[in-house]
Amino acid sequence: MHPILLSFGSFSIRSYGAMAALGFVLGCWLVNVNRKYARMSSDQASTSLFVAMIAGIIGARIFYVVQYFKQYRDNFWGIFRVDQGGLVFYGGFLLALAALWLYCRRSKLDIVRVLDVYAPAMAIAHACGRIGCFLNGCCWGKPTDLFWGVSYPEGSNPALCYPGESLHPVQLYEAGEQFLLFFLYFYLVRHTKRGITMASYLTLYGIFRFLNELLRGDNPKVLADFFTPAQVIGLLIIPAGIGLFIYFQRHESKDTELSH
């Protein structure tokens, strides 16, 4: 664990916050690289990013606080310390999606094309965020005997849950998956039909997240004492992504021009 990346006297930069910021910067750059595909101006791309960022942080934090409310019952101000970790991706994704839909409707943008553009950006940002989780010591895995298992320092939350055991670095598994998927989405948004990239993102993220949750050691079970909240949402978005993929594959013509 390296929760503090750099310290300057009493001022410190936390690893989670730094990686989240890096992910956001890379995501912004990618949206601007591909914005012409969605027929967005530079100002529209910047505004959409701001809307998505604010909504995403709020949604991700709300889901986390609700899920782990006991931690904040007597620590109200801790709710706002997002730099210390504690964001649920699905919460951020859902609220950001709603905010983007409203913005696109108001600005008369094609929400499907906008989400196609956002897919590689979200993948690279998510990968950076998961590295931040690993450094921060949150979102830990279950015990493993594999040689790449990681041991957390005494007194940390993972060590308290699994004293003396090595755990799956599930955060790095997910980071690696998202880095690979970034290249796939970046290719798809330039070479496939409208909506295919967005549908692929929903399907593949849902599948990988469902599988990763099998190795998570920190999430509670909520459905039949077996499925985690992320798996329940995954069971909904995987068929939705497959359905959208089939629909766009059948009904859209190939139009991936990045200039307009």
# chains A, B, ... in the order shown; residues from 1 in each chain; ligands from 1

call {"tool": "residues_around", "arguments": {"residues": "stretch 47-59 of chain A", "least_positions_apart": "5", "cutoff": "9 Å", "atoms": "only C-alpha atoms", "output": "list in words"}}
result
Phe24, Gly27, Cys28, Val31, Ser42, Tyr64, Val82, Leu87, Val88, Phe89, Tyr90, Gly91, Gly92, Phe93, Leu94, Leu95, Ala96, Leu97, Ala98, Ala99, Leu100, Tyr103 and Cys104 of chain A

call {"tool": "residues_around", "arguments": {"residues": "A:Gly17", "least_positions_apart": "4", "cutoff": "10 Å", "atoms": "only C-alpha atoms", "output": "JSON, numbers by chain"}}
result
{"A": [3, 4, 5, 13, 21, 22, 23, 81, 82, 83, 84, 85, 129, 132, 133, 136]}

call {"tool": "atom_distance", "arguments": {"atom1": "atom CA of A:Arg216", "atom2": "atom CA of A:Cys139"}}
result
7.0 Å

call {"tool": "closest_residue", "arguments": {"among": "A:Lys193, A:Arg209, A:Arg14, A:His126", "to": "A:Gln178", "atoms": "only C-alpha atoms"}}
result
A:His126

call {"tool": "closest_residue", "arguments": {"among": "A:Leu215, A:Asn32, A:Phe245, A:Phe208", "to": "A:Gln44", "atoms": "only C-alpha atoms"}}
result
A:Asn32

call {"tool": "select_by_dssp", "arguments": {"residues": "stretch 30-252 of chain A", "states": "alpha helix (DSSP H)", "output": "ChimeraX atom specification"}}
result
/A:30-34,42-67,89-107,111-136,157-161,170-191,196-213,229-251

call {"tool": "atom_distance", "arguments": {"atom1": "atom CA of A:Val33", "atom2": "atom CA of A:Ala20"}}
result
19.9 Å

call {"tool": "closest_residue", "arguments": {"among": "A:Ser107, A:Ser10, A:Thr203, A:Leu102", "to": "A:Arg39", "atoms": "only C-alpha atoms"}}
result
A:Ser107
